[in-house]
>>> print(open('model02.cif').read())   # mmCIF, N, CA and C atoms
data_work
loop_
_atom_site.label_atom_id
_atom_site.label_comp_id
_atom_site.auth_asym_id
_atom_site.auth_seq_id
_atom_site.Cartn_x
_atom_site.Cartn_y
_atom_site.Cartn_z
N MET A 152 0.81 -1.19 0.00
CA MET A 152 0.00 0.00 0.00
C MET A 152 0.86 1.26 0.00
N SER A 153 1.98 1.25 0.69
CA SER A 153 2.82 2.42 0.76
C SER A 153 3.39 2.78 -0.60
N ALA A 154 3.64 1.81 -1.47
CA ALA A 154 4.12 2.09 -2.82
C ALA A 154 3.02 2.77 -3.63
N ASN A 155 1.79 2.31 -3.43
CA ASN A 155 0.65 2.89 -4.13
C ASN A 155 0.41 4.32 -3.67
N CYS A 156 0.60 4.58 -2.40
CA CYS A 156 0.43 5.92 -1.84
C CYS A 156 1.49 6.87 -2.41
N GLY A 157 2.70 6.39 -2.58
CA GLY A 157 3.78 7.19 -3.14
C GLY A 157 3.51 7.54 -4.60
N VAL A 158 2.91 6.62 -5.34
CA VAL A 158 2.58 6.87 -6.74
C VAL A 158 1.48 7.93 -6.83
N ASN A 159 0.46 7.78 -5.97
CA ASN A 159 -0.63 8.76 -5.94
C ASN A 159 -0.09 10.15 -5.58
N SER A 160 0.80 10.19 -4.62
CA SER A 160 1.39 11.45 -4.20
C SER A 160 2.19 12.07 -5.34
N GLY A 161 2.92 11.24 -6.07
CA GLY A 161 3.71 11.72 -7.21
C GLY A 161 2.82 12.25 -8.32
N ILE A 162 1.71 11.56 -8.56
CA ILE A 162 0.77 12.00 -9.60
C ILE A 162 0.12 13.32 -9.20
N GLN A 163 -0.26 13.41 -7.93
CA GLN A 163 -0.88 14.64 -7.45
C GLN A 163 0.10 15.81 -7.53
N SER A 164 1.35 15.53 -7.20
CA SER A 164 2.37 16.58 -7.26
C SER A 164 2.58 17.04 -8.70
N ALA A 165 2.65 16.08 -9.63
CA ALA A 165 2.82 16.42 -11.04
C ALA A 165 1.59 17.18 -11.56
N GLN A 166 0.42 16.74 -11.12
CA GLN A 166 -0.82 17.39 -11.54
C GLN A 166 -0.85 18.84 -11.03
N HIS A 167 -0.46 19.04 -9.79
CA HIS A 167 -0.41 20.38 -9.21
C HIS A 167 0.61 21.25 -9.95
N SER A 168 1.75 20.67 -10.26
CA SER A 168 2.80 21.40 -10.97
C SER A 168 2.32 21.81 -12.36
N LEU A 169 1.63 20.91 -13.06
CA LEU A 169 1.10 21.22 -14.39
C LEU A 169 0.04 22.33 -14.32
N GLU A 170 -0.80 22.27 -13.30
CA GLU A 170 -1.83 23.29 -13.12
C GLU A 170 -1.18 24.66 -12.87
N GLN A 171 -0.15 24.69 -12.04
CA GLN A 171 0.57 25.94 -11.78
C GLN A 171 1.21 26.47 -13.07
N GLN A 172 1.77 25.59 -13.87
CA GLN A 172 2.40 25.99 -15.13
C GLN A 172 1.36 26.54 -16.10
N ARG A 173 0.18 25.90 -16.14
CA ARG A 173 -0.90 26.36 -17.03
C ARG A 173 -1.35 27.77 -16.62
N ILE A 174 -1.50 27.99 -15.33
CA ILE A 174 -1.90 29.31 -14.83
C ILE A 174 -0.83 30.35 -15.17
N SER A 175 0.42 29.99 -14.97
CA SER A 175 1.53 30.89 -15.27
C SER A 175 1.56 31.26 -16.75
N ASP A 176 1.37 30.26 -17.61
CA ASP A 176 1.36 30.51 -19.06
C ASP A 176 0.20 31.42 -19.45
N SER A 177 -0.95 31.18 -18.84
CA SER A 177 -2.13 31.99 -19.12
C SER A 177 -1.89 33.45 -18.73
N LEU A 178 -1.29 33.67 -17.57
CA LEU A 178 -0.98 35.03 -17.13
C LEU A 178 0.02 35.71 -18.06
N LYS A 179 1.03 34.96 -18.49
CA LYS A 179 2.03 35.52 -19.40
C LYS A 179 1.38 35.96 -20.70
N LYS A 180 0.49 35.13 -21.25
CA LYS A 180 -0.19 35.49 -22.50
C LYS A 180 -1.04 36.74 -22.30
N GLY A 181 -1.73 36.79 -21.17
CA GLY A 181 -2.57 37.96 -20.88
C GLY A 181 -1.74 39.22 -20.77
N LEU A 182 -0.58 39.13 -20.13
CA LEU A 182 0.29 40.30 -19.98
C LEU A 182 0.89 40.73 -21.31
N GLU A 183 1.16 39.76 -22.19
CA GLU A 183 1.71 40.09 -23.50
C GLU A 183 0.68 40.85 -24.34
N LYS A 184 -0.59 40.51 -24.17
CA LYS A 184 -1.66 41.15 -24.93
C LYS A 184 -2.10 42.47 -24.31
N ARG A 185 -1.64 42.75 -23.12
CA ARG A 185 -2.05 43.96 -22.39
C ARG A 185 -1.60 45.20 -23.16
N PRO A 186 -2.51 46.16 -23.36
CA PRO A 186 -2.12 47.38 -24.08
C PRO A 186 -1.15 48.23 -23.26
N THR A 187 -0.34 48.98 -23.96
CA THR A 187 0.63 49.84 -23.29
C THR A 187 -0.10 51.07 -22.74
N LYS A 188 0.58 51.80 -21.88
CA LYS A 188 0.02 53.03 -21.32
C LYS A 188 -0.28 54.02 -22.43
N GLU A 189 0.60 54.11 -23.42
CA GLU A 189 0.42 55.03 -24.54
C GLU A 189 -0.85 54.68 -25.32
N ASP A 190 -1.09 53.37 -25.53
CA ASP A 190 -2.31 52.95 -26.23
C ASP A 190 -3.55 53.37 -25.45
N LEU A 191 -3.50 53.21 -24.14
CA LEU A 191 -4.65 53.56 -23.30
C LEU A 191 -4.88 55.07 -23.28
N VAL A 192 -3.81 55.85 -23.32
CA VAL A 192 -3.94 57.31 -23.37
C VAL A 192 -4.53 57.71 -24.73
N GLU A 193 -4.06 57.07 -25.80
CA GLU A 193 -4.54 57.34 -27.15
C GLU A 193 -6.03 57.06 -27.28
N ARG A 194 -6.50 56.03 -26.60
CA ARG A 194 -7.92 55.63 -26.67
C ARG A 194 -8.76 56.33 -25.60
N ASN A 195 -8.18 57.32 -24.92
CA ASN A 195 -8.86 58.11 -23.88
C ASN A 195 -9.37 57.26 -22.73
N ILE A 196 -8.66 56.20 -22.42
CA ILE A 196 -8.99 55.37 -21.26
C ILE A 196 -8.23 55.90 -20.05
N LEU A 197 -6.99 56.30 -20.27
CA LEU A 197 -6.19 56.94 -19.23
C LEU A 197 -6.00 58.40 -19.59
N PRO A 198 -5.94 59.28 -18.60
CA PRO A 198 -5.70 60.69 -18.91
C PRO A 198 -4.25 60.91 -19.33
N SER A 199 -4.05 61.84 -20.25
CA SER A 199 -2.68 62.17 -20.65
C SER A 199 -2.20 63.27 -19.72
N THR A 200 -1.40 62.91 -18.78
CA THR A 200 -0.91 63.89 -17.82
C THR A 200 0.53 63.58 -17.47
N SER A 201 1.25 64.65 -17.21
CA SER A 201 2.64 64.47 -16.78
C SER A 201 2.75 64.75 -15.29
N ALA A 202 1.61 64.99 -14.65
CA ALA A 202 1.61 65.30 -13.21
C ALA A 202 1.89 64.04 -12.40
N ALA A 203 2.46 64.24 -11.25
CA ALA A 203 2.74 63.12 -10.35
C ALA A 203 1.42 62.48 -9.91
N PRO A 204 1.41 61.18 -9.72
CA PRO A 204 0.17 60.49 -9.34
C PRO A 204 -0.50 61.07 -8.10
N GLY A 205 0.28 61.60 -7.19
CA GLY A 205 -0.28 62.15 -5.95
C GLY A 205 -1.12 63.40 -6.15
N ILE A 206 -0.89 64.12 -7.26
CA ILE A 206 -1.64 65.36 -7.48
C ILE A 206 -2.57 65.28 -8.69
N GLN A 207 -2.71 64.11 -9.28
CA GLN A 207 -3.57 63.97 -10.46
C GLN A 207 -5.03 64.26 -10.14
N ALA A 208 -5.49 63.86 -8.96
CA ALA A 208 -6.89 64.12 -8.58
C ALA A 208 -7.12 65.63 -8.46
N GLN A 209 -6.16 66.34 -7.88
CA GLN A 209 -6.28 67.79 -7.76
C GLN A 209 -6.25 68.45 -9.14
N GLN A 210 -5.41 67.92 -10.01
CA GLN A 210 -5.32 68.46 -11.37
C GLN A 210 -6.65 68.27 -12.10
N LYS A 211 -7.26 67.11 -11.94
CA LYS A 211 -8.54 66.83 -12.58
C LYS A 211 -9.62 67.77 -12.05
N GLU A 212 -9.63 68.00 -10.75
CA GLU A 212 -10.60 68.90 -10.13
C GLU A 212 -10.40 70.34 -10.63
N LEU A 213 -9.15 70.76 -10.75
CA LEU A 213 -8.85 72.10 -11.27
C LEU A 213 -9.34 72.24 -12.71
N GLN A 214 -9.10 71.23 -13.53
CA GLN A 214 -9.56 71.28 -14.92
C GLN A 214 -11.08 71.38 -14.99
N LYS A 215 -11.75 70.67 -14.10
CA LYS A 215 -13.22 70.70 -14.05
C LYS A 215 -13.70 72.12 -13.72
N HIS A 216 -13.08 72.76 -12.74
CA HIS A 216 -13.47 74.12 -12.36
C HIS A 216 -13.14 75.12 -13.46
N MET A 217 -12.01 74.93 -14.12
CA MET A 217 -11.64 75.83 -15.21
C MET A 217 -12.64 75.72 -16.37
N ARG A 218 -13.07 74.51 -16.67
CA ARG A 218 -14.05 74.29 -17.73
C ARG A 218 -15.39 74.96 -17.36
N ALA A 219 -15.79 74.83 -16.10
CA ALA A 219 -17.04 75.46 -15.63
C ALA A 219 -16.93 76.98 -15.73
N ASP A 220 -15.80 77.54 -15.34
CA ASP A 220 -15.60 78.99 -15.43
C ASP A 220 -15.67 79.46 -16.88
N SER A 221 -15.05 78.70 -17.77
CA SER A 221 -15.05 79.04 -19.19
C SER A 221 -16.47 79.03 -19.75
N LEU A 222 -17.24 78.02 -19.40
CA LEU A 222 -18.63 77.94 -19.87
C LEU A 222 -19.47 79.09 -19.32
N ASN A 223 -19.29 79.40 -18.05
CA ASN A 223 -20.03 80.51 -17.45
C ASN A 223 -19.69 81.83 -18.13
N GLU A 224 -18.43 82.02 -18.47
CA GLU A 224 -17.99 83.23 -19.16
C GLU A 224 -18.66 83.32 -20.53
N LYS A 225 -18.69 82.21 -21.26
CA LYS A 225 -19.31 82.21 -22.59
C LYS A 225 -20.81 82.46 -22.48
N ILE A 226 -21.45 81.85 -21.49
CA ILE A 226 -22.89 82.03 -21.31
C ILE A 226 -23.22 83.48 -20.97
N SER A 227 -22.36 84.13 -20.19
CA SER A 227 -22.63 85.52 -19.80
C SER A 227 -22.59 86.46 -21.00
N HIS A 228 -21.89 86.10 -22.06
CA HIS A 228 -21.80 86.94 -23.26
C HIS A 228 -22.75 86.49 -24.37
N ARG A 229 -23.57 85.51 -24.07
CA ARG A 229 -24.50 84.99 -25.07
C ARG A 229 -25.60 86.03 -25.32
N PRO A 230 -25.98 86.24 -26.59
CA PRO A 230 -27.03 87.22 -26.87
C PRO A 230 -28.39 86.74 -26.36
N THR A 231 -29.24 87.69 -26.05
CA THR A 231 -30.58 87.36 -25.57
C THR A 231 -31.44 86.90 -26.75
N PRO A 232 -32.54 86.22 -26.46
CA PRO A 232 -33.43 85.81 -27.55
C PRO A 232 -33.95 87.01 -28.36
N GLU A 233 -34.20 88.13 -27.68
CA GLU A 233 -34.67 89.32 -28.38
C GLU A 233 -33.63 89.82 -29.39
N GLU A 234 -32.36 89.80 -28.98
CA GLU A 234 -31.28 90.23 -29.89
C GLU A 234 -31.20 89.29 -31.09
N LEU A 235 -31.38 88.00 -30.85
CA LEU A 235 -31.32 87.03 -31.94
C LEU A 235 -32.50 87.20 -32.90
N VAL A 236 -33.66 87.58 -32.37
CA VAL A 236 -34.82 87.85 -33.24
C VAL A 236 -34.52 89.07 -34.11
N LYS A 237 -33.96 90.12 -33.50
CA LYS A 237 -33.62 91.34 -34.25
C LYS A 237 -32.61 91.05 -35.36
N GLN A 238 -31.67 90.12 -35.09
CA GLN A 238 -30.64 89.78 -36.07
C GLN A 238 -31.16 88.80 -37.12
N GLY A 239 -32.36 88.29 -36.92
CA GLY A 239 -32.93 87.34 -37.88
C GLY A 239 -32.47 85.91 -37.67
N VAL A 240 -31.80 85.65 -36.57
CA VAL A 240 -31.32 84.29 -36.28
C VAL A 240 -32.47 83.43 -35.77
N LEU A 241 -33.32 84.02 -34.92
CA LEU A 241 -34.50 83.33 -34.38
C LEU A 241 -35.75 84.00 -34.92
N HIS A 242 -36.83 83.21 -34.99
CA HIS A 242 -38.14 83.77 -35.32
C HIS A 242 -38.89 83.96 -34.02
N GLU A 243 -39.63 85.04 -33.94
CA GLU A 243 -40.35 85.35 -32.71
C GLU A 243 -41.46 84.33 -32.50
N ASP A 244 -41.57 83.85 -31.30
CA ASP A 244 -42.60 82.89 -30.92
C ASP A 244 -43.87 83.65 -30.59
N PRO A 245 -44.96 83.41 -31.32
CA PRO A 245 -46.18 84.17 -31.06
C PRO A 245 -46.78 83.89 -29.68
N THR A 246 -46.42 82.79 -29.07
CA THR A 246 -46.96 82.47 -27.74
C THR A 246 -46.07 82.97 -26.62
N SER A 247 -44.95 83.60 -26.97
CA SER A 247 -44.03 84.04 -25.92
C SER A 247 -44.62 85.24 -25.19
N PRO A 248 -44.31 85.38 -23.90
CA PRO A 248 -44.84 86.51 -23.13
C PRO A 248 -44.27 87.85 -23.58
N THR A 249 -43.15 87.84 -24.30
CA THR A 249 -42.55 89.10 -24.75
C THR A 249 -43.17 89.60 -26.04
N ALA A 250 -43.93 88.75 -26.73
CA ALA A 250 -44.57 89.17 -27.98
C ALA A 250 -45.65 90.21 -27.67
N ASP A 251 -45.73 91.24 -28.50
CA ASP A 251 -46.71 92.31 -28.29
C ASP A 251 -48.10 91.81 -28.70
N PRO A 252 -49.01 91.62 -27.75
CA PRO A 252 -50.31 91.04 -28.08
C PRO A 252 -51.15 91.96 -28.98
N GLU A 253 -51.07 93.27 -28.79
CA GLU A 253 -51.85 94.19 -29.63
C GLU A 253 -51.39 94.13 -31.08
N LYS A 254 -50.08 94.11 -31.26
CA LYS A 254 -49.53 94.04 -32.61
C LYS A 254 -49.94 92.74 -33.29
N LYS A 255 -49.89 91.64 -32.56
CA LYS A 255 -50.27 90.34 -33.10
C LYS A 255 -51.76 90.35 -33.47
N TYR A 256 -52.58 90.98 -32.64
CA TYR A 256 -54.02 91.04 -32.89
C TYR A 256 -54.30 91.84 -34.16
N GLU A 257 -53.62 92.99 -34.29
CA GLU A 257 -53.79 93.82 -35.49
C GLU A 257 -53.38 93.06 -36.75
N GLU A 258 -52.24 92.35 -36.67
CA GLU A 258 -51.77 91.58 -37.82
C GLU A 258 -52.77 90.49 -38.18
N ALA A 259 -53.32 89.83 -37.18
CA ALA A 259 -54.29 88.76 -37.43
C ALA A 259 -55.54 89.32 -38.09
N ILE A 260 -56.01 90.49 -37.65
CA ILE A 260 -57.20 91.11 -38.23
C ILE A 260 -56.92 91.52 -39.68
N GLU A 261 -55.75 92.10 -39.92
CA GLU A 261 -55.39 92.50 -41.28
C GLU A 261 -55.32 91.29 -42.21
N GLU A 262 -54.75 90.20 -41.72
CA GLU A 262 -54.67 88.99 -42.53
C GLU A 262 -56.07 88.47 -42.85
N GLU A 263 -56.94 88.44 -41.86
CA GLU A 263 -58.31 87.96 -42.06
C GLU A 263 -59.05 88.87 -43.04
N TYR A 264 -58.88 90.16 -42.90
CA TYR A 264 -59.53 91.12 -43.79
C TYR A 264 -59.04 90.93 -45.22
N ALA A 265 -57.71 90.73 -45.36
CA ALA A 265 -57.13 90.53 -46.69
C ALA A 265 -57.67 89.25 -47.32
N LYS A 266 -57.85 88.22 -46.55
CA LYS A 266 -58.41 86.96 -47.07
C LYS A 266 -59.84 87.18 -47.56
N ARG A 267 -60.63 87.90 -46.79
CA ARG A 267 -62.04 88.12 -47.15
C ARG A 267 -62.15 89.03 -48.38
N GLU A 268 -61.32 90.04 -48.44
CA GLU A 268 -61.36 90.96 -49.58
C GLU A 268 -60.94 90.25 -50.85
N GLY A 269 -59.92 89.42 -50.72
CA GLY A 269 -59.42 88.70 -51.90
C GLY A 269 -60.38 87.62 -52.34
N GLY A 270 -61.13 87.04 -51.42
CA GLY A 270 -62.03 85.94 -51.74
C GLY A 270 -63.42 86.39 -52.12
N ALA A 271 -63.80 87.67 -51.92
CA ALA A 271 -65.17 88.13 -52.16
C ALA A 271 -65.44 88.46 -53.59
#
>>> encode(input="model02.cif", output="structure tokens")
Amino acid sequence: MSANCGVNSGIQSAQHSLEQQRISDSLKKGLEKRPTKEDLVERNILPSTSAAPGIQAQQKELQKHMRADSLNEKISHRPTPEELVKQGVLHEDPTSPTADPEKKYEEAIEEEYAKREGGA
């Protein structure tokens, strides 16, 4: 029985060794296929920064605030809807509260009158 136990132990040891080798080979293949840092930066997976890792979070936060400031600055100089209507960029909305109701009423009456005169 002791000879049989030694054979089983040897087989188990070889089996364990082969399993470890298979895992090692699998990891090596995975690492070989792993993209480089440059590839990840190119694909926008990693940020392109030369800052030290310890301050990258602060750098990201600063960029976020700078972007917000830039957008707020642009929004503050944006023309009003009234200016865009005057420039012909926008058409005035007849349902808007800024539309002159008397003027709209007069135009509607003139249009209706013109239709009746032309059709009579």
>>> select_by_dssp(input="model02.cif", residues="region 164-269 of chain A", states="helix (DSSP H, G or I)", output="number ranges by chain")
A: 164-184, 188-193, 204-227, 232-238, 252-269
>>> atom_distance(input="model02.cif", atom1="atom C of Met217 (chain A)", atom2="CA of Ala203 (chain A)")
20.8 Å
>>> atom_distance(input="model02.cif", atom1="atom C of Lys211 (chain A)", atom2="atom C of Pro198 (chain A)")
11.4 Å
>>> atom_distance(input="model02.cif", atom1="CA of Asp244 (chain A)", atom2="atom N of Leu222 (chain A)")
28.3 Å
